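For reference, structure.txt (compact mmCIF, C-alpha atoms and all ligand atoms):
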# COMPACT_ATOMS: atom_id res chain seq x y z
CA MET A 2 -16.81 -12.59 12.71
CA SER A 3 -15.21 -15.98 12.31
CA THR A 4 -11.88 -17.16 13.65
CA ASN A 5 -10.67 -20.68 13.89
CA THR A 6 -9.92 -22.92 16.84
CA THR A 7 -6.97 -24.43 14.92
CA LEU A 8 -5.06 -21.19 15.62
CA GLN A 9 -5.21 -21.52 19.42
CA GLN A 10 -1.46 -21.91 20.02
CA PHE A 11 -0.58 -18.86 17.96
CA ASN A 12 1.50 -16.44 20.07
CA ASN A 13 4.08 -14.97 17.68
CA PHE A 14 4.60 -14.96 13.92
CA LEU A 15 8.35 -15.33 13.48
CA ALA A 16 9.06 -17.89 10.77
CA ASP A 17 7.17 -19.90 8.20
CA ASP A 18 7.83 -23.34 9.64
CA GLN A 19 6.02 -22.58 12.89
CA LEU A 20 2.56 -23.22 11.40
CA ASN A 21 1.25 -26.52 10.06
CA LYS A 22 -0.90 -26.92 6.97
CA THR A 23 -4.21 -26.73 8.86
CA GLU A 24 -3.14 -23.57 10.66
CA LEU A 25 -1.88 -21.94 7.47
CA LEU A 26 -5.07 -22.75 5.59
CA ALA A 27 -7.07 -21.31 8.51
CA LEU A 28 -5.03 -18.08 8.36
CA ILE A 29 -5.49 -17.83 4.58
CA GLU A 30 -9.24 -18.37 4.97
CA LEU A 31 -9.35 -15.76 7.74
CA ALA A 32 -7.46 -13.23 5.57
CA ILE A 33 -9.94 -13.72 2.72
CA ASN A 34 -12.85 -13.38 5.13
CA ILE A 35 -11.45 -10.13 6.59
CA LYS A 36 -10.91 -8.83 3.04
CA LYS A 37 -14.55 -9.58 2.17
CA ASN A 38 -16.05 -8.37 5.47
CA PRO A 39 -13.69 -5.74 6.94
CA THR A 40 -16.32 -4.08 9.13
CA ASP A 41 -16.85 -7.37 11.02
CA TYR A 42 -13.31 -7.00 12.36
CA ASN A 43 -13.09 -3.24 12.91
CA GLN A 44 -12.99 -3.46 16.72
CA VAL A 45 -10.60 -6.40 17.14
CA LEU A 46 -7.70 -4.08 18.09
CA ALA A 47 -9.80 -1.40 19.81
CA GLY A 48 -7.72 0.17 22.58
CA LYS A 49 -4.62 -1.75 21.46
CA SER A 50 -1.31 -0.37 20.19
CA VAL A 51 1.26 -1.90 17.88
CA ALA A 52 4.91 -0.81 18.04
CA MET A 53 6.51 -1.17 14.61
CA ILE A 54 10.32 -1.30 14.54
CA PHE A 55 11.95 -0.71 11.16
CA GLU A 56 15.72 -1.16 10.81
CA LYS A 57 15.36 -1.14 7.01
CA PRO A 58 13.33 0.90 4.50
CA SER A 59 9.77 -0.10 3.73
CA LEU A 60 6.79 1.00 1.67
CA ARG A 61 4.32 -1.91 1.56
CA THR A 62 5.12 -3.36 4.97
CA HIS A 63 4.96 -0.02 6.77
CA VAL A 64 1.81 1.19 5.02
CA SER A 65 -0.03 -2.14 5.03
CA PHE A 66 0.56 -2.65 8.76
CA ASP A 67 -0.34 0.95 9.62
CA MET A 68 -3.52 1.04 7.51
CA GLY A 69 -4.42 -2.53 8.41
CA ILE A 70 -4.12 -1.87 12.15
CA ASN A 71 -6.30 1.21 11.67
CA LYS A 72 -8.92 -0.95 9.92
CA LEU A 73 -8.93 -3.24 12.98
CA GLY A 74 -9.54 -0.25 15.30
CA GLY A 75 -6.00 -0.19 16.69
CA HIS A 76 -3.14 2.29 16.86
CA ALA A 77 0.23 1.85 15.12
CA LEU A 78 3.46 3.57 16.14
CA TYR A 79 6.39 3.71 13.68
CA LEU A 80 9.82 3.39 15.27
CA GLY A 81 12.60 4.03 12.77
CA GLN A 82 16.32 4.37 13.13
CA GLN A 83 16.11 7.56 15.18
CA ASN A 84 16.14 5.33 18.26
CA GLY A 85 19.42 3.77 17.21
CA LYS A 86 20.22 0.35 15.85
CA LEU A 87 18.67 -2.52 17.77
CA GLY A 88 21.17 -3.90 20.23
CA GLU A 89 23.50 -0.88 20.02
CA ARG A 90 21.85 2.02 21.84
CA GLU A 91 19.93 -0.47 23.96
CA ARG A 92 20.05 -4.26 24.19
CA VAL A 93 17.44 -6.12 22.15
CA SER A 94 16.12 -7.56 25.41
CA ASP A 95 15.64 -4.05 26.88
CA TYR A 96 13.94 -2.87 23.69
CA ALA A 97 11.53 -5.81 24.01
CA LYS A 98 10.87 -5.27 27.71
CA ASN A 99 10.33 -1.52 27.33
CA LEU A 100 7.94 -1.89 24.41
CA SER A 101 6.05 -4.56 26.37
CA CYS A 102 5.27 -1.85 28.98
CA PHE A 103 3.29 0.20 26.46
CA ALA A 104 2.33 -1.80 23.42
CA ASP A 105 0.21 -4.89 22.78
CA VAL A 106 2.18 -6.23 19.79
CA ILE A 107 5.65 -5.70 18.29
CA VAL A 108 6.09 -5.75 14.52
CA ALA A 109 9.78 -5.76 13.56
CA ARG A 110 11.77 -5.49 10.32
CA VAL A 111 15.34 -6.26 11.25
CA PHE A 112 18.72 -7.09 9.76
CA SER A 113 19.23 -10.29 11.71
CA HIS A 114 16.84 -13.10 12.57
CA GLU A 115 18.58 -13.22 15.96
CA SER A 116 17.02 -9.82 16.72
CA ILE A 117 13.55 -11.20 16.04
CA GLN A 118 14.29 -14.19 18.25
CA GLY A 119 15.63 -11.88 20.98
CA LEU A 120 12.55 -9.66 20.83
CA ALA A 121 10.24 -12.69 21.04
CA GLU A 122 12.23 -14.19 23.90
CA HIS A 123 12.15 -11.07 26.04
CA ALA A 124 8.83 -9.41 25.13
CA SER A 125 5.73 -10.29 27.11
CA ILE A 126 3.62 -9.42 24.06
CA PRO A 127 3.41 -11.09 20.62
CA VAL A 128 6.11 -10.38 18.03
CA ILE A 129 5.54 -10.41 14.26
CA ASN A 130 8.46 -10.75 11.84
CA ALA A 131 8.10 -8.06 9.17
CA LEU A 132 11.25 -9.30 7.32
CA CYS A 133 14.68 -10.33 8.49
CA ASP A 134 17.70 -11.75 6.69
CA VAL A 135 16.24 -15.28 6.69
CA TYR A 136 12.45 -14.99 6.47
CA HIS A 137 9.61 -12.81 5.22
CA PRO A 138 6.58 -14.72 6.54
CA CYS A 139 4.05 -11.89 6.16
CA GLN A 140 4.95 -11.76 2.45
CA SER A 141 4.62 -15.52 1.89
CA LEU A 142 1.29 -15.60 3.72
CA ALA A 143 0.03 -12.79 1.46
CA ASP A 144 1.38 -14.68 -1.56
CA PHE A 145 -0.61 -17.79 -0.72
CA VAL A 146 -3.70 -15.66 -0.08
CA THR A 147 -3.15 -14.28 -3.61
CA LEU A 148 -2.66 -17.75 -5.09
CA SER A 149 -5.79 -19.02 -3.26
CA GLU A 150 -7.82 -16.32 -4.99
CA SER A 151 -6.91 -17.81 -8.39
CA TYR A 152 -6.37 -21.47 -7.47
CA PRO A 153 -8.94 -22.81 -5.00
CA ASP A 154 -6.93 -26.06 -4.64
CA LEU A 155 -3.40 -24.94 -3.79
CA SER A 156 -2.09 -28.51 -3.97
CA GLN A 157 -2.58 -28.36 -7.75
CA VAL A 158 -0.35 -25.28 -8.18
CA LYS A 159 3.16 -25.43 -9.63
CA LEU A 160 5.17 -22.48 -8.37
CA ALA A 161 8.69 -21.50 -9.45
CA TYR A 162 10.90 -18.85 -7.89
CA VAL A 163 13.63 -17.58 -10.19
CA GLY A 164 16.51 -15.50 -8.84
CA ASP A 165 18.43 -15.00 -5.62
CA GLY A 166 17.94 -17.54 -2.84
CA ASN A 167 16.97 -15.08 -0.10
CA ASN A 168 14.50 -14.32 2.70
CA VAL A 169 11.55 -14.18 0.28
CA SER A 170 12.37 -17.49 -1.45
CA ASN A 171 13.08 -19.13 1.93
CA SER A 172 9.66 -18.21 3.26
CA LEU A 173 7.95 -19.11 0.01
CA MET A 174 9.52 -22.55 -0.28
CA ILE A 175 8.80 -23.47 3.33
CA MET A 176 5.17 -22.40 3.04
CA ALA A 177 4.80 -24.13 -0.35
CA ALA A 178 6.13 -27.39 1.07
CA THR A 179 3.85 -27.11 4.11
CA LEU A 180 0.81 -26.53 1.90
CA GLY A 181 1.70 -29.28 -0.60
CA VAL A 182 2.51 -26.90 -3.46
CA ASP A 183 5.12 -28.15 -5.99
CA PHE A 184 8.02 -25.71 -5.83
CA THR A 185 11.01 -25.11 -8.10
CA LEU A 186 13.83 -22.78 -7.14
CA VAL A 187 16.05 -21.68 -10.03
CA SER A 188 19.04 -19.68 -8.88
CA PRO A 189 22.55 -18.92 -10.14
CA GLN A 190 25.44 -20.87 -8.70
CA GLY A 191 26.51 -19.38 -5.38
CA HIS A 192 23.05 -17.87 -4.79
CA GLU A 193 21.10 -21.01 -3.91
CA ALA A 194 18.90 -21.36 -0.82
CA GLN A 195 20.82 -21.83 2.40
CA ALA A 196 21.33 -25.45 3.53
CA ASP A 197 19.29 -25.33 6.76
CA ILE A 198 16.26 -23.92 4.94
CA VAL A 199 16.59 -26.60 2.25
CA GLY A 200 16.68 -29.23 5.02
CA ILE A 201 13.50 -27.86 6.66
CA THR A 202 11.76 -27.63 3.28
CA LYS A 203 12.69 -31.17 2.21
CA LYS A 204 11.18 -32.61 5.39
CA LEU A 205 7.98 -30.59 4.94
CA ALA A 206 7.71 -31.53 1.24
CA LYS A 207 8.12 -35.21 2.11
CA ALA A 208 5.34 -34.92 4.70
CA SER A 209 2.96 -33.06 2.36
CA GLY A 210 3.86 -35.11 -0.74
CA SER A 211 4.85 -32.04 -2.77
CA LYS A 212 7.76 -31.88 -5.21
CA LEU A 213 10.80 -29.71 -4.51
CA ILE A 214 13.25 -28.99 -7.32
CA LEU A 215 16.39 -26.92 -6.73
CA THR A 216 18.44 -26.11 -9.81
CA ASN A 217 20.92 -23.65 -11.33
CA ASP A 218 19.68 -24.46 -14.82
CA ILE A 219 17.15 -21.92 -16.10
CA ASP A 220 16.43 -24.21 -19.05
CA ALA A 221 15.21 -26.83 -16.55
CA ILE A 222 12.35 -24.66 -15.30
CA GLY A 223 9.74 -27.05 -16.70
CA LYS A 224 5.99 -26.45 -16.79
CA GLN A 225 4.85 -23.95 -14.15
CA ASP A 226 1.63 -22.12 -13.30
CA VAL A 227 3.25 -19.20 -11.53
CA ILE A 228 6.70 -17.61 -11.68
CA TYR A 229 7.88 -15.47 -8.79
CA THR A 230 10.93 -13.26 -8.55
CA ASP A 231 12.55 -10.75 -6.20
CA THR A 232 15.48 -8.35 -6.28
CA TRP A 233 18.90 -9.83 -7.04
CA ILE A 234 20.42 -7.75 -4.22
CA SER A 235 18.58 -7.59 -0.91
CA MET A 236 18.62 -4.77 1.62
CA GLY A 237 21.77 -5.08 3.69
CA ASP A 238 23.62 -6.97 0.93
CA GLU A 239 24.37 -3.92 -1.23
CA ASP A 240 28.03 -3.75 -2.23
CA SER A 241 28.64 -1.32 -5.09
CA THR A 242 31.87 -3.12 -6.06
CA LYS A 243 29.91 -6.34 -6.77
CA LYS A 244 26.89 -4.83 -8.57
CA ALA A 245 28.20 -5.29 -12.16
CA GLU A 246 29.24 -8.87 -11.41
CA ILE A 247 25.80 -9.70 -9.94
CA LEU A 248 23.94 -8.13 -12.87
CA ALA A 249 25.99 -10.17 -15.37
CA LYS A 250 25.63 -13.42 -13.42
CA PHE A 251 21.88 -13.03 -12.97
CA ALA A 252 21.08 -11.78 -16.49
CA PRO A 253 20.09 -15.25 -17.80
CA TYR A 254 17.65 -15.53 -14.88
CA GLN A 255 15.61 -12.48 -15.80
CA VAL A 256 11.85 -13.15 -15.63
CA ASN A 257 10.48 -12.00 -18.95
CA HIS A 258 7.91 -12.85 -21.58
CA ASP A 259 10.09 -15.59 -23.14
CA LEU A 260 10.50 -17.36 -19.79
CA MET A 261 6.74 -17.20 -19.15
CA VAL A 262 6.11 -18.79 -22.56
CA LYS A 263 8.79 -21.43 -22.04
CA ALA A 264 7.25 -22.41 -18.65
CA GLN A 265 3.68 -22.02 -19.99
CA ALA A 266 3.08 -19.93 -16.86
CA SER A 267 0.00 -17.74 -16.56
CA MET A 268 0.87 -15.60 -13.53
CA VAL A 269 3.89 -13.63 -12.39
CA LEU A 270 4.42 -12.46 -8.82
CA HIS A 271 6.96 -10.09 -7.24
CA CYS A 272 7.11 -8.95 -3.61
CA GLN A 273 8.39 -5.50 -4.75
CA PRO A 274 10.21 -3.19 -4.87
CA ALA A 275 10.95 -4.31 -8.43
CA HIS A 276 14.18 -3.42 -10.19
CA LEU A 277 12.69 -3.14 -13.64
CA GLU A 278 14.79 -4.54 -16.49
CA GLU A 279 16.88 -6.42 -13.93
CA GLU A 280 15.01 -9.37 -12.35
CA ILE A 281 11.81 -8.61 -14.30
CA THR A 282 11.01 -6.71 -17.48
CA THR A 283 8.81 -3.63 -17.29
CA GLU A 284 6.57 -5.15 -19.96
CA LEU A 285 5.87 -8.28 -17.89
CA PHE A 286 5.56 -6.38 -14.59
CA ASP A 287 2.89 -4.14 -16.19
CA SER A 288 1.16 -6.98 -18.06
CA GLU A 289 -2.12 -8.80 -17.45
CA LEU A 290 -0.15 -11.78 -16.14
CA SER A 291 1.20 -9.70 -13.27
CA LYS A 292 -0.70 -9.88 -9.94
CA VAL A 293 1.81 -7.77 -8.04
CA PHE A 294 -0.65 -5.15 -6.81
CA GLN A 295 -3.18 -7.78 -5.70
CA GLN A 296 -0.23 -9.33 -3.86
CA ALA A 297 0.63 -5.96 -2.30
CA GLU A 298 -2.96 -5.38 -1.14
CA ASN A 299 -3.08 -8.88 0.30
CA ARG A 300 -0.16 -8.00 2.58
CA MET A 301 -2.66 -5.98 4.60
CA TRP A 302 -5.33 -8.69 4.74
CA ALA A 303 -2.82 -11.43 5.53
CA GLN A 304 -1.22 -9.39 8.33
CA ASN A 305 -4.66 -8.49 9.67
CA ALA A 306 -5.44 -12.21 9.79
CA VAL A 307 -2.30 -12.70 11.89
CA LEU A 308 -3.33 -9.85 14.23
CA VAL A 309 -6.92 -11.11 14.51
CA ALA A 310 -5.68 -14.64 15.23
CA LEU A 311 -3.36 -13.30 17.96
CA PHE A 312 -6.17 -11.46 19.72
CA THR A 313 -9.19 -13.70 19.29
CA ASN A 314 -7.90 -17.17 20.14
N1 LIG B 1 14.70 -9.74 -0.53
C1 LIG B 1 14.30 -8.37 -0.38
C2 LIG B 1 12.83 -8.27 -0.07
C3 LIG B 1 12.28 -6.88 0.02
C4 LIG B 1 10.82 -6.83 0.39
C5 LIG B 1 15.13 -7.70 0.68
O1 LIG B 1 15.34 -8.31 1.73
O2 LIG B 1 15.58 -6.58 0.48

Take the structure in the file and give it back as structure tokens.
Ligand code: NVA
Amino acid sequence: MSTNTTLQQFNNFLADDQLNKTELLALIELAINIKKNPTDYNQVLAGKSVAMIFEKPSLRTHVSFDMGINKLGGHALYLGQQNGKLGERERVSDYAKNLSCFADVIVARVFSHESIQGLAEHASIPVINALCDVYHPCQSLADFVTLSESYPDLSQVKLAYVGDGNNVSNSLMIMAATLGVDFTLVSPQGHEAQADIVGITKKLAKASGSKLILTNDIDAIGKQDVIYTDTWISMGDEDSTKKAEILAKFAPYQVNHDLMVKAQASMVLHCQPAHLEEEITTELFDSELSKVFQQAENRMWAQNAVLVALFTN
């Protein structure tokens, strides 16, 4: 079993900007090693329990954590909405302190990043962000594991995200800039990345020497290796009165065969769930260019790398 001394200060996994390039590369390498040699890691969580809080629906995150924890010899407990909304039935701080009495890790999918911060502040055990309104770091880590499997030198990759500036694109652009990956975000007016995330990303891109392009112009996508997209309406943002307006506004930003040809891209990624014929065509999603199920599987290996790093350093 190999872990890496560069991950020594790793206590929580809350947001993408908390890890530097060396640490991220170590986590990616660890994820690939666990994927290749799962039995070497099957006792890392022996006797340990993970409390998984879900304020929002989930397929991949729930299943990949549950099955992944099982593969590490640990026990996962799903806590859904039956315990009431975080901070309403009980304060976030009390949730964190109570779970710290029984569990060894908290995994949380929440509406607000403040809830993740509150859990991390008050828990005496590590907290992993399994998606909030601002970040989805487990997804971006899995995405760069997936890209590493096709592109051994990530600094040579040109990655474009087309669609809504959201938690997934925030995490992706921060991690891309940290790793030195050229990143283009193409989003409709009014749906760009939020200013503070752009600020963080610009600083990281300057330090790593990568390019960052932010545009509303789909015709300015340029040459890309990989195009990534996500839903146009995220969980928690659903407003049935705005749906028709959003669909019309985003229609030119659909990721389809023509866009792939225009960008000369050879891979398409999607964090799923996909809204077929909205942000991506069924044909492209089901095509040879699509690595979405490899991406989904890598959620488990990436998260297991995070768990292994938390318990072996
Ligand atoms: N941006 C999406 C990601 C789902 C995995 C959402 O937050 O709903």

Expected answer as number ranges by chain: residues within 6 Å of ligand LIG 1 (chain B), all atoms listed in the file: A: 167-169, 232, 235-236, 272-273

CA of Asn257 (chain A) sits from CA of Pro153 (chain A) at a separation of 26.2 Å

Each residue of region 100-208 of chain A with at least one atom at most 7 Å from region 44-66 of chain A should appear once, together with its nearest atom pair and the corresponding distance in Å (one decimal); atoms considered: all atoms listed in the file; ordering: chain, then increasing residue number; output as JSON lines.
{"residue": "A:Ala104", "atom": "CA", "partner": "A:Ser50", "partner_atom": "CA", "distance": 5.1}
{"residue": "A:Asp105", "atom": "CA", "partner": "A:Ser50", "partner_atom": "CA", "distance": 5.4}
{"residue": "A:Val106", "atom": "CA", "partner": "A:Val51", "partner_atom": "CA", "distance": 4.8}
{"residue": "A:Ile107", "atom": "CA", "partner": "A:Ala52", "partner_atom": "CA", "distance": 5.0}
{"residue": "A:Val108", "atom": "CA", "partner": "A:Met53", "partner_atom": "CA", "distance": 4.6}
{"residue": "A:Ala109", "atom": "CA", "partner": "A:Ile54", "partner_atom": "CA", "distance": 4.6}
{"residue": "A:Arg110", "atom": "CA", "partner": "A:Phe55", "partner_atom": "CA", "distance": 4.9}
{"residue": "A:Val111", "atom": "CA", "partner": "A:Glu56", "partner_atom": "CA", "distance": 5.1}
{"residue": "A:Phe112", "atom": "CA", "partner": "A:Glu56", "partner_atom": "CA", "distance": 6.7}
{"residue": "A:Ala131", "atom": "CA", "partner": "A:Thr62", "partner_atom": "CA", "distance": 7.0}

Measure the distance from CA of Ser291 (chain A) to CA of Asp154 (chain A) in Å and round it to one decimal. 20.2 Å

Dig up all the protein and nucleic acid residues within 9 Å of (19.0, -19.3, -1.7) in the file frame, using only C-alpha atoms, and format them as a compact mmCIF listing (two decimals) with C-alpha atoms, keeping the file's coordinate frame.
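This went into part_8.txt:
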# COMPACT_ATOMS: atom_id res chain seq x y z
CA GLY A 164 16.51 -15.50 -8.84
CA ASP A 165 18.43 -15.00 -5.62
CA GLY A 166 17.94 -17.54 -2.84
CA ASN A 167 16.97 -15.08 -0.10
CA ASN A 168 14.50 -14.32 2.70
CA SER A 170 12.37 -17.49 -1.45
CA ASN A 171 13.08 -19.13 1.93
CA LEU A 186 13.83 -22.78 -7.14
CA SER A 188 19.04 -19.68 -8.88
CA GLY A 191 26.51 -19.38 -5.38
CA HIS A 192 23.05 -17.87 -4.79
CA GLU A 193 21.10 -21.01 -3.91
CA ALA A 194 18.90 -21.36 -0.82
CA GLN A 195 20.82 -21.83 2.40
CA ALA A 196 21.33 -25.45 3.53
CA ILE A 198 16.26 -23.92 4.94
CA VAL A 199 16.59 -26.60 2.25

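With distances restricted to all atoms listed in the file, A:Thr185 is the closest residue to Leu213 (chain A) from A:Asn99, A:Ser156, A:Gln19, A:Thr185.
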
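Using all atoms listed in the file for every distance, the candidate list A:Val146, A:Met261, A:Ala303, A:Thr242 yields A:Met261 as the residue closest to Val227 (chain A).
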
Find, counting only C-alpha atoms, the residue in A:Ala97, A:Ala143, A:Leu160, A:Val262 that gets nearest to Pro127 (chain A). A:Ala97

Nearest to Cys139 (chain A), restricted to all atoms listed in the file and choosing among A:Leu260, A:Glu289, A:Ile29, A:Glu24, comes out as A:Ile29

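In terms of minimum interatomic distance to Gly237 (chain A), A:Cys133 ranks closest within A:Cys133, A:Ala16, A:Leu25, A:Asn299, counting only C-alpha atoms.
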